[in-house]
>>> print(open('structure_16.tsv').read())   # TSV, C-alpha atoms and all ligand atoms
chain	number	residue	atom	x	y	z
W	84	MET	CA	-16.24	-23.60	-4.58
W	85	ALA	CA	-13.42	-22.27	-2.51
W	86	ASN	CA	-14.26	-20.29	0.57
W	87	LEU	CA	-12.65	-17.00	-0.40
W	88	ALA	CA	-13.21	-14.79	2.58
W	89	PRO	CA	-11.08	-16.77	5.07
W	90	SER	CA	-8.20	-17.11	2.61
W	91	PHE	CA	-8.23	-13.35	2.14
W	92	VAL	CA	-8.06	-12.72	5.84
W	93	SER	CA	-5.32	-15.21	6.57
W	94	SER	CA	-1.89	-15.77	5.05
W	95	PRO	CA	-2.59	-19.04	3.33
W	96	SER	CA	0.30	-19.79	1.03
W	97	ASP	CA	2.45	-22.84	1.76
W	98	SER	CA	5.34	-20.93	0.26
W	99	CYS	CA	5.08	-18.63	3.25
W	100	ARG	CA	5.52	-21.39	5.82
W	101	GLY	CA	9.12	-22.63	5.45
W	102	SER	CA	11.18	-23.15	8.60
W	103	LEU	CA	13.74	-20.53	7.58
W	104	ARG	CA	10.96	-18.10	7.01
W	105	THR	CA	9.34	-19.04	10.28
W	106	SER	CA	12.51	-18.09	12.11
W	107	ARG	CA	12.61	-14.80	10.23
W	108	ILE	CA	9.00	-14.15	11.11
W	109	SER	CA	9.81	-14.90	14.76
W	110	ALA	CA	12.60	-12.36	14.57
W	111	ILE	CA	10.21	-9.85	13.06
W	112	LYS	CA	7.64	-10.55	15.79
W	113	LEU	CA	10.35	-10.01	18.38
W	114	LYS	CA	11.19	-6.74	16.72
W	115	VAL	CA	7.53	-5.76	16.72
W	116	ARG	CA	7.30	-6.47	20.45
W	117	GLU	CA	10.43	-4.36	20.97
W	118	THR	CA	8.82	-1.59	18.96
W	119	GLU	CA	5.64	-1.82	20.99
W	120	GLN	CA	7.70	-1.67	24.15
W	121	THR	CA	9.42	1.42	22.78
W	122	HIS	CA	6.05	3.04	22.25
W	123	LEU	CA	5.01	2.19	25.78
W	124	ASN	CA	8.26	3.56	27.12
W	125	LEU	CA	7.75	6.74	25.18
W	126	GLY	CA	4.39	7.09	26.85
W	127	SER	CA	5.82	6.73	30.33
W	128	SER	CA	9.03	8.68	29.90
W	129	SER	CA	7.69	11.87	31.37
W	130	ARG	CA	11.08	13.61	31.72
W	131	LYS	CA	11.78	13.14	28.01
W	132	LYS	CA	8.29	14.27	27.06
W	133	GLN	CA	8.54	17.37	29.22
W	134	GLY	CA	11.73	18.36	27.42
W	135	LEU	CA	10.01	18.03	24.08
W	136	ARG	CA	7.01	19.90	25.34
W	137	MET	CA	9.12	22.81	26.57
W	138	ASN	CA	10.71	23.19	23.15
W	139	ALA	CA	7.44	22.98	21.34
W	140	SER	CA	5.45	25.15	23.73
W	141	LYS	CA	7.62	28.18	22.99
W	142	GLU	CA	6.01	28.41	19.59
W	143	THR	CA	2.63	26.77	19.93
W	144	PRO	CA	0.98	27.17	23.31
W	145	GLU	CA	-2.47	26.63	21.82
W	146	LEU	CA	-1.46	23.33	20.26
W	147	MET	CA	0.25	22.13	23.41
W	148	GLN	CA	-2.83	23.00	25.42
W	149	GLY	CA	-4.68	20.25	23.61
W	150	ILE	CA	-2.06	17.71	24.59
W	151	ARG	CA	-2.05	18.80	28.23
W	152	LYS	CA	-5.85	18.57	28.47
W	153	ASP	CA	-5.65	15.13	26.98
W	154	GLU	CA	-2.95	14.11	29.38
W	155	CYS	CA	-5.24	15.02	32.30
W	156	LYS	CA	-7.84	12.63	30.97
W	157	THR	CA	-5.14	9.97	30.56
W	158	ALA	CA	-4.13	10.34	34.20
W	159	GLU	CA	-7.72	9.74	35.23
W	160	GLN	CA	-7.93	6.62	33.12
W	161	THR	CA	-4.94	4.66	34.32
W	162	GLU	CA	-6.95	1.49	34.86
W	163	GLY	CA	-7.36	-1.01	32.04
W	164	TYR	CA	-6.08	-1.08	28.51
W	165	ASP	CA	-7.70	-0.86	25.13
W	166	SER	CA	-6.40	-0.73	21.57
W	167	PHE	CA	-7.25	2.91	21.19
W	168	SER	CA	-5.32	4.01	24.25
W	169	GLU	CA	-2.15	2.75	22.51
W	170	MET	CA	-3.26	4.41	19.28
W	171	LYS	CA	-3.89	7.66	21.12
W	172	GLN	CA	-0.42	7.54	22.60
W	173	ARG	CA	1.10	6.98	19.16
W	174	PHE	CA	-0.86	9.93	17.78
W	175	LEU	CA	0.28	12.20	20.58
W	176	THR	CA	3.87	11.06	20.04
W	177	PHE	CA	3.49	11.91	16.34
W	178	LYS	CA	2.10	15.32	17.27
W	179	GLU	CA	4.86	16.14	19.69
W	180	LYS	CA	7.82	14.75	17.77
W	181	LYS	CA	6.92	15.16	14.13
W	182	TYR	CA	4.13	17.73	13.79
W	183	LEU	CA	5.29	20.25	16.34
W	184	GLY	CA	8.93	19.52	15.57
W	185	ASN	CA	8.34	20.44	11.92
W	186	LEU	CA	5.60	22.98	12.36
W	187	GLU	CA	6.40	25.16	9.34
W	188	PHE	CA	6.39	22.11	7.09
W	189	TYR	CA	3.01	20.94	8.38
W	190	ARG	CA	1.54	24.45	8.16
W	191	ARG	CA	2.57	24.66	4.51
W	192	LEU	CA	1.13	21.20	3.95
W	193	ALA	CA	-2.16	22.27	5.52
W	194	LYS	CA	-2.60	24.82	2.73
W	195	SER	CA	-1.91	22.57	-0.24
W	196	GLN	CA	-0.44	19.29	-1.39
W	197	ALA	CA	1.82	18.59	-4.36
W	198	PRO	CA	2.77	14.90	-4.13
W	199	GLU	CA	5.26	13.55	-6.64
W	200	PHE	CA	3.84	10.03	-6.43
W	201	MET	CA	0.57	8.24	-6.62
W	202	VAL	CA	0.74	4.76	-5.07
W	203	ILE	CA	-1.81	2.01	-5.60
W	204	ALA	CA	-1.27	-0.75	-3.07
W	205	CYS	CA	-3.18	-3.62	-1.49
W	206	ALA	CA	-5.41	-3.12	1.54
W	207	ASP	CA	-3.45	-5.87	3.33
W	208	SER	CA	-2.37	-4.66	6.79
W	209	ARG	CA	1.22	-5.83	6.23
W	210	VAL	CA	2.06	-3.74	3.18
W	211	CYS	CA	1.58	-0.11	4.17
W	212	PRO	CA	3.58	1.91	1.59
W	213	SER	CA	4.20	4.76	4.01
W	214	VAL	CA	5.99	2.35	6.32
W	215	ILE	CA	7.92	0.18	3.89
W	216	LEU	CA	8.86	2.96	1.44
W	217	GLY	CA	9.23	5.73	3.99
W	218	LEU	CA	6.69	8.01	2.36
W	219	GLU	CA	6.10	11.10	4.48
W	220	PRO	CA	2.90	13.18	4.56
W	221	GLY	CA	2.53	15.12	1.32
W	222	GLU	CA	4.75	12.81	-0.74
W	223	ALA	CA	2.25	10.30	-2.11
W	224	PHE	CA	-1.42	10.34	-3.03
W	225	MET	CA	-2.56	6.85	-2.20
W	226	VAL	CA	-5.24	4.30	-2.97
W	227	ARG	CA	-5.37	0.93	-1.29
W	228	ASN	CA	-7.76	-1.71	-2.51
W	229	VAL	CA	-8.02	-5.50	-2.43
W	230	ALA	CA	-5.14	-6.88	-4.56
W	231	ASN	CA	-3.95	-3.42	-5.73
W	232	LEU	CA	-5.97	-3.61	-8.95
W	233	VAL	CA	-6.61	-0.88	-11.52
W	234	PRO	CA	-9.80	-1.42	-13.53
W	235	PRO	CA	-9.68	-0.50	-17.24
W	236	PHE	CA	-11.26	2.74	-18.42
W	237	GLU	CA	-14.28	0.95	-19.90
W	238	SER	CA	-15.24	-0.51	-16.52
W	239	GLY	CA	-16.70	2.81	-15.48
W	240	PRO	CA	-16.41	4.74	-12.23
W	241	SER	CA	-14.74	3.28	-9.17
W	242	GLU	CA	-12.99	4.78	-6.18
W	243	THR	CA	-9.65	3.81	-7.73
W	244	ASN	CA	-10.14	5.68	-11.00
W	245	ALA	CA	-11.72	8.63	-9.18
W	246	ALA	CA	-8.48	8.92	-7.23
W	247	LEU	CA	-6.48	8.51	-10.44
W	248	GLU	CA	-8.38	11.34	-12.08
W	249	PHE	CA	-7.66	13.68	-9.19
W	250	ALA	CA	-4.01	12.65	-8.88
W	251	VAL	CA	-3.25	13.00	-12.59
W	252	ASN	CA	-5.46	15.91	-13.65
W	253	SER	CA	-5.44	18.06	-10.52
W	254	LEU	CA	-2.35	17.16	-8.51
W	255	LYS	CA	-0.32	16.36	-11.64
W	256	VAL	CA	1.73	13.61	-10.02
W	257	LYS	CA	4.89	12.63	-11.88
W	258	ASN	CA	4.85	8.92	-11.05
W	259	ILE	CA	2.22	6.24	-10.51
W	260	LEU	CA	3.46	3.14	-8.68
W	261	VAL	CA	1.28	0.01	-8.62
W	262	SER	CA	2.67	-2.18	-5.89
W	263	GLY	CA	1.85	-5.88	-5.47
W	264	HIS	CA	3.00	-8.14	-2.68
W	265	SER	CA	3.70	-11.71	-1.60
W	266	CYS	CA	0.98	-14.01	-0.19
W	267	CYS	CA	-1.80	-11.73	-1.48
W	268	GLY	CA	-5.19	-13.08	-0.39
W	269	GLY	CA	-7.00	-11.06	-3.06
W	270	ILE	CA	-4.91	-12.63	-5.84
W	271	ARG	CA	-5.47	-16.03	-4.27
W	272	ALA	CA	-9.23	-15.37	-4.39
W	273	LEU	CA	-8.90	-14.43	-8.08
W	274	MET	CA	-6.91	-17.58	-8.86
W	275	SER	CA	-9.35	-19.76	-6.89
W	276	MET	CA	-12.34	-18.84	-9.04
W	277	GLU	CA	-13.80	-21.72	-10.98
W	278	ASN	CA	-15.08	-19.54	-13.80
W	279	ALA	CA	-12.74	-17.26	-15.76
W	280	ASP	CA	-15.43	-14.60	-16.04
W	281	GLY	CA	-16.36	-14.76	-12.38
W	282	ASP	CA	-18.47	-17.16	-10.38
W	283	ASN	CA	-21.70	-15.20	-10.74
W	284	SER	CA	-21.39	-14.65	-7.04
W	285	SER	CA	-22.78	-12.02	-4.71
W	286	SER	CA	-19.42	-11.83	-2.92
W	287	PHE	CA	-18.02	-8.33	-3.03
W	288	ILE	CA	-14.51	-9.77	-3.01
W	289	LYS	CA	-15.11	-11.96	-6.05
W	290	ASN	CA	-16.87	-9.18	-7.91
W	291	TRP	CA	-13.93	-6.89	-7.29
W	292	VAL	CA	-10.96	-9.20	-7.95
W	293	ILE	CA	-12.46	-10.28	-11.28
W	294	VAL	CA	-11.00	-6.96	-12.49
W	295	GLY	CA	-7.78	-9.00	-12.70
W	296	LYS	CA	-9.25	-11.73	-14.91
W	297	ASN	CA	-6.75	-11.12	-17.73
W	298	ALA	CA	-3.88	-11.61	-15.30
W	299	ARG	CA	-5.52	-14.81	-14.13
W	300	LEU	CA	-5.93	-16.02	-17.70
W	301	SER	CA	-2.34	-15.31	-18.74
W	302	THR	CA	-1.07	-16.90	-15.53
W	303	LYS	CA	-3.06	-20.05	-16.21
W	304	GLU	CA	-1.56	-20.15	-19.72
W	305	ALA	CA	2.04	-19.48	-18.69
W	306	ALA	CA	2.25	-21.24	-15.35
W	307	SER	CA	-0.24	-24.11	-15.47
W	308	HIS	CA	2.60	-26.61	-14.86
W	309	LEU	CA	3.44	-24.97	-11.53
W	310	SER	CA	1.83	-25.52	-8.14
W	311	PHE	CA	-1.17	-23.41	-7.17
W	312	ASP	CA	0.97	-21.37	-4.74
W	313	GLN	CA	3.51	-20.69	-7.48
W	314	GLN	CA	0.72	-19.70	-9.86
W	315	CYS	CA	-0.53	-17.23	-7.27
W	316	ARG	CA	2.96	-15.74	-6.95
W	317	HIS	CA	3.18	-15.43	-10.74
W	318	CYS	CA	-0.23	-13.75	-10.83
W	319	GLU	CA	0.75	-11.31	-8.06
W	320	LYS	CA	3.30	-9.80	-10.48
W	321	GLU	CA	1.28	-10.36	-13.65
W	322	SER	CA	-1.66	-8.44	-12.20
W	323	VAL	CA	0.62	-5.46	-11.56
W	324	ASN	CA	1.63	-5.44	-15.23
W	325	ARG	CA	-2.01	-5.75	-16.28
W	326	SER	CA	-2.83	-2.78	-14.07
W	327	LEU	CA	-0.06	-0.77	-15.76
W	328	LEU	CA	-1.61	-1.61	-19.13
W	329	ASN	CA	-5.04	-0.68	-17.78
W	330	LEU	CA	-3.68	2.70	-16.73
W	331	LEU	CA	-2.94	3.39	-20.40
W	332	THR	CA	-6.63	2.88	-21.27
W	333	TYR	CA	-7.39	6.23	-19.58
W	334	PRO	CA	-6.90	8.86	-22.32
W	335	TRP	CA	-5.76	11.55	-19.88
W	336	ILE	CA	-3.15	9.20	-18.38
W	337	GLU	CA	-1.81	8.06	-21.75
W	338	GLU	CA	-1.59	11.67	-22.90
W	339	GLN	CA	0.60	12.63	-19.94
W	340	VAL	CA	2.76	9.52	-20.37
W	341	MET	CA	3.17	10.29	-24.09
W	342	ARG	CA	4.23	13.85	-23.27
W	343	GLY	CA	6.82	12.59	-20.78
W	344	ASN	CA	5.06	14.22	-17.82
W	345	LEU	CA	4.09	10.97	-16.15
W	346	SER	CA	5.83	7.60	-15.61
W	347	LEU	CA	4.14	4.33	-14.72
W	348	HIS	CA	5.92	1.90	-12.42
W	349	GLY	CA	5.35	-1.58	-11.07
W	350	GLY	CA	6.53	-2.80	-7.70
W	351	TYR	CA	6.48	-6.04	-5.74
W	352	TYR	CA	7.05	-6.26	-2.01
W	353	ASP	CA	7.98	-9.69	-0.63
W	354	PHE	CA	7.29	-9.44	3.08
W	355	VAL	CA	8.66	-12.92	3.80
W	356	ASP	CA	12.18	-12.06	2.63
W	357	CYS	CA	11.75	-8.29	2.90
W	358	THR	CA	12.74	-7.43	-0.65
W	359	PHE	CA	11.26	-4.95	-3.10
W	360	GLU	CA	11.35	-5.23	-6.88
W	361	LYS	CA	10.67	-2.17	-8.99
W	362	TRP	CA	10.31	-1.65	-12.72
W	363	THR	CA	9.05	1.01	-15.14
W	364	LEU	CA	6.71	0.67	-18.09
W	365	ASP	CA	8.50	1.48	-21.36
W	366	TYR	CA	5.66	3.29	-23.11
W	367	TYR	CA	7.03	3.51	-26.65
W	368	LYS	CA	8.24	-0.10	-26.75
W	369	THR	CA	4.90	-1.22	-25.33
W	370	ILE	CA	2.79	0.54	-27.97
W	371	SER	CA	5.19	-0.33	-30.82
W	372	ARG	CA	4.58	-4.03	-30.16
W	373	GLY	CA	1.00	-3.51	-31.25
W	374	ASN	CA	-0.19	-6.05	-28.69
W	375	LYS	CA	-2.35	-4.52	-26.00
W	376	ASP	CA	-1.73	-7.54	-23.76
W	377	MET	CA	2.08	-7.18	-23.76
W	378	ILE	CA	4.07	-4.83	-21.60
W	379	ALA	CA	7.67	-3.70	-22.17
W	380	VAL	CA	9.59	-2.67	-19.08
W	381	LYS	CA	12.80	-0.83	-18.33
W	382	GLY	CA	14.89	0.00	-15.28
W	383	ARG	CA	14.12	-3.18	-13.37
W	384	SER	CA	15.84	-3.14	-9.98
W	385	PHE	CA	15.80	-5.38	-6.94
W	386	TRP	CA	16.15	-3.89	-3.47
W	387	SER	CA	17.37	-6.30	-0.82
G	401	ZN	ZN	-2.95	-8.24	-1.15
>>> encode(input="structure_16.tsv", output="structure tokens")
Amino acid sequence: MANLAPSFVSSPSDSCRGSLRTSRISAIKLKVRETEQTHLNLGSSSRKKQGLRMNASKETPELMQGIRKDECKTAEQTEGYDSFSEMKQRFLTFKEKKYLGNLEFYRRLAKSQAPEFMVIACADSRVCPSVILGLEPGEAFMVRNVANLVPPFESGPSETNAALEFAVNSLKVKNILVSGHSCCGGIRALMSMENADGDNSSSFIKNWVIVGKNARLSTKEAASHLSFDQQCRHCEKESVNRSLLNLLTYPWIEEQVMRGNLSLHGGYYDFVDCTFEKWTLDYYKTISRGNKDMIAVKGRSFWS
């Protein structure tokens, strides 16, 4: 039996290891280091920070007081480095530049939220929707789980459908986007299973990703002639479509889709080539086919 946990943690696919891609990844790493350096510079650029602080402190002395107190502690702790000191600096930069710079916006947001989108994305650290799609606070209600899966209604309660219920029935989001991605370790775990109904395992990962068993089955049928890596890539997109179909098994979701109040979208982020593919479920064509395993899509677009 395949060892699933390590493959989920790492980026295992051979398709992700080409030399061209390696050079692109190196460029991305370089960019990341530049970004990190920028963050460090922001932390040490006291003249710039003071200017920002002066602007902000005119309106919010009580909020700025918190930052100043914190800064005193920082000055006392100049020795050593830990991950959270960098995180703290990023938070304080967010507070100064974004929060205090848009105080009215954030004060309105503190009272209520009315996001237009719900996004269901993978827990993978490389695919944060807020970063890659530029979603600002208040714009998207979000769930991230292993392999961005939506269980069908009959599966019973889960954190994913609890979030769906709140987003659709209370927040009344207009769009649900299920976003898959390249080199997904969760999908690889699903495809690695020896038994189509699960391996009767105690692994939490296996017991979760089996939610995508129909995507696994249809991938095995349609792409059995391809390599395992190519099958995984096929399943990464197939599982998104299966999740869109699973969304329709919730009566309160289908009702809103039928009324035209809610649209269901699929997405696929390839972080090797940095492209994003987006499509929309065509509800009436899907139900008119009379096949609950078939999805009809419209508005497919490719962002590159
Ligand atoms: Zn993933």
>>> residues_around(input="structure_16.tsv", residues="Asn329 in chain W", least_positions_apart="4", cutoff="10 Å", atoms="only C-alpha atoms", output="PyMOL selection string")
chain W and resi 232-237+323-325+333+375-376
>>> write_last_selection(input="structure_16.tsv", atoms="C-alpha atoms", output="PDB file, in the frame of the given file")
ATOM      1  CA  LEU W 232      -5.970  -3.610  -8.950  1.00  0.00           C
ATOM      2  CA  VAL W 233      -6.610  -0.880 -11.520  1.00  0.00           C
ATOM      3  CA  PRO W 234      -9.800  -1.420 -13.530  1.00  0.00           C
ATOM      4  CA  PRO W 235      -9.680  -0.500 -17.240  1.00  0.00           C
ATOM      5  CA  PHE W 236     -11.260   2.740 -18.420  1.00  0.00           C
ATOM      6  CA  GLU W 237     -14.280   0.950 -19.900  1.00  0.00           C
ATOM      7  CA  VAL W 323       0.620  -5.460 -11.560  1.00  0.00           C
ATOM      8  CA  ASN W 324       1.630  -5.440 -15.230  1.00  0.00           C
ATOM      9  CA  ARG W 325      -2.010  -5.750 -16.280  1.00  0.00           C
ATOM     10  CA  TYR W 333      -7.390   6.230 -19.580  1.00  0.00           C
ATOM     11  CA  LYS W 375      -2.350  -4.520 -26.000  1.00  0.00           C
ATOM     12  CA  ASP W 376      -1.730  -7.540 -23.760  1.00  0.00           C
TER      13      ASP W 376
END
>>> residues_near_ligand(input="structure_16.tsv", ligand="ligand ZN 401 (chain G)", cutoff="12 Å", atoms="all atoms listed in the file", output="count of residues only")
47
>>> residues_around(input="structure_16.tsv", residues="Arg342 in chain W", least_positions_apart="5", cutoff="12 Å", atoms="all atoms listed in the file", output="ChimeraX atom specification")
/W:257,335-337,366-367
>>> write_last_selection(input="structure_16.tsv", atoms="C-alpha atoms", output="mmCIF file, keeping the file's coordinate frame")
data_model
loop_
_atom_site.group_PDB
_atom_site.id
_atom_site.type_symbol
_atom_site.label_atom_id
_atom_site.label_comp_id
_atom_site.auth_asym_id
_atom_site.auth_seq_id
_atom_site.Cartn_x
_atom_site.Cartn_y
_atom_site.Cartn_z
ATOM 1 C CA LYS W 257 4.890 12.630 -11.880
ATOM 2 C CA TRP W 335 -5.760 11.550 -19.880
ATOM 3 C CA ILE W 336 -3.150 9.200 -18.380
ATOM 4 C CA GLU W 337 -1.810 8.060 -21.750
ATOM 5 C CA TYR W 366 5.660 3.290 -23.110
ATOM 6 C CA TYR W 367 7.030 3.510 -26.650
#
>>> closest_residue(input="structure_16.tsv", among="W:Gly221, W:Asp280, W:Asn344, W:Asp312", to="Arg191 in chain W", atoms="only C-alpha atoms")
W:Gly221
>>> atom_distance(input="structure_16.tsv", atom1="CA of Arg299 in chain W", atom2="CA of Met274 in chain W")
6.1 Å
>>> atom_distance(input="structure_16.tsv", atom1="CA of Lys255 in chain W", atom2="CA of Gly217 in chain W")
21.2 Å
>>> decode(input="structure_16.tsv", residues="range 316-340 of chain W", atoms="C-alpha atoms", output="PDB file, in the first residue's frame")
ATOM      1  CA  ARG W 316      -3.814  15.617 -13.329  1.00  0.00           C
ATOM      2  CA  HIS W 317      -7.015  14.417 -14.998  1.00  0.00           C
ATOM      3  CA  CYS W 318      -8.522  13.612 -11.600  1.00  0.00           C
ATOM      4  CA  GLU W 319      -7.570  17.042 -10.219  1.00  0.00           C
ATOM      5  CA  LYS W 320     -10.035  18.575 -12.701  1.00  0.00           C
ATOM      6  CA  GLU W 321     -12.543  15.721 -12.657  1.00  0.00           C
ATOM      7  CA  SER W 322     -12.886  15.993  -8.882  1.00  0.00           C
ATOM      8  CA  VAL W 323     -13.776  19.683  -9.237  1.00  0.00           C
ATOM      9  CA  ASN W 324     -16.601  18.765 -11.617  1.00  0.00           C
ATOM     10  CA  ARG W 325     -17.773  16.031  -9.255  1.00  0.00           C
ATOM     11  CA  SER W 326     -17.818  18.562  -6.440  1.00  0.00           C
ATOM     12  CA  LEU W 327     -19.961  20.890  -8.581  1.00  0.00           C
ATOM     13  CA  LEU W 328     -22.403  18.023  -9.115  1.00  0.00           C
ATOM     14  CA  ASN W 329     -22.312  17.264  -5.390  1.00  0.00           C
ATOM     15  CA  LEU W 330     -23.237  20.875  -4.665  1.00  0.00           C
ATOM     16  CA  LEU W 331     -26.486  20.286  -6.557  1.00  0.00           C
ATOM     17  CA  THR W 332     -27.402  17.445  -4.163  1.00  0.00           C
ATOM     18  CA  TYR W 333     -28.075  20.075  -1.463  1.00  0.00           C
ATOM     19  CA  PRO W 334     -31.730  21.098  -1.961  1.00  0.00           C
ATOM     20  CA  TRP W 335     -31.159  24.660  -0.740  1.00  0.00           C
ATOM     21  CA  ILE W 336     -28.245  25.105  -3.162  1.00  0.00           C
ATOM     22  CA  GLU W 337     -30.112  23.687  -6.149  1.00  0.00           C
ATOM     23  CA  GLU W 338     -33.093  25.899  -5.360  1.00  0.00           C
ATOM     24  CA  GLN W 339     -30.960  29.049  -5.468  1.00  0.00           C
ATOM     25  CA  VAL W 340     -29.216  27.910  -8.663  1.00  0.00           C
TER      26      VAL W 340
END
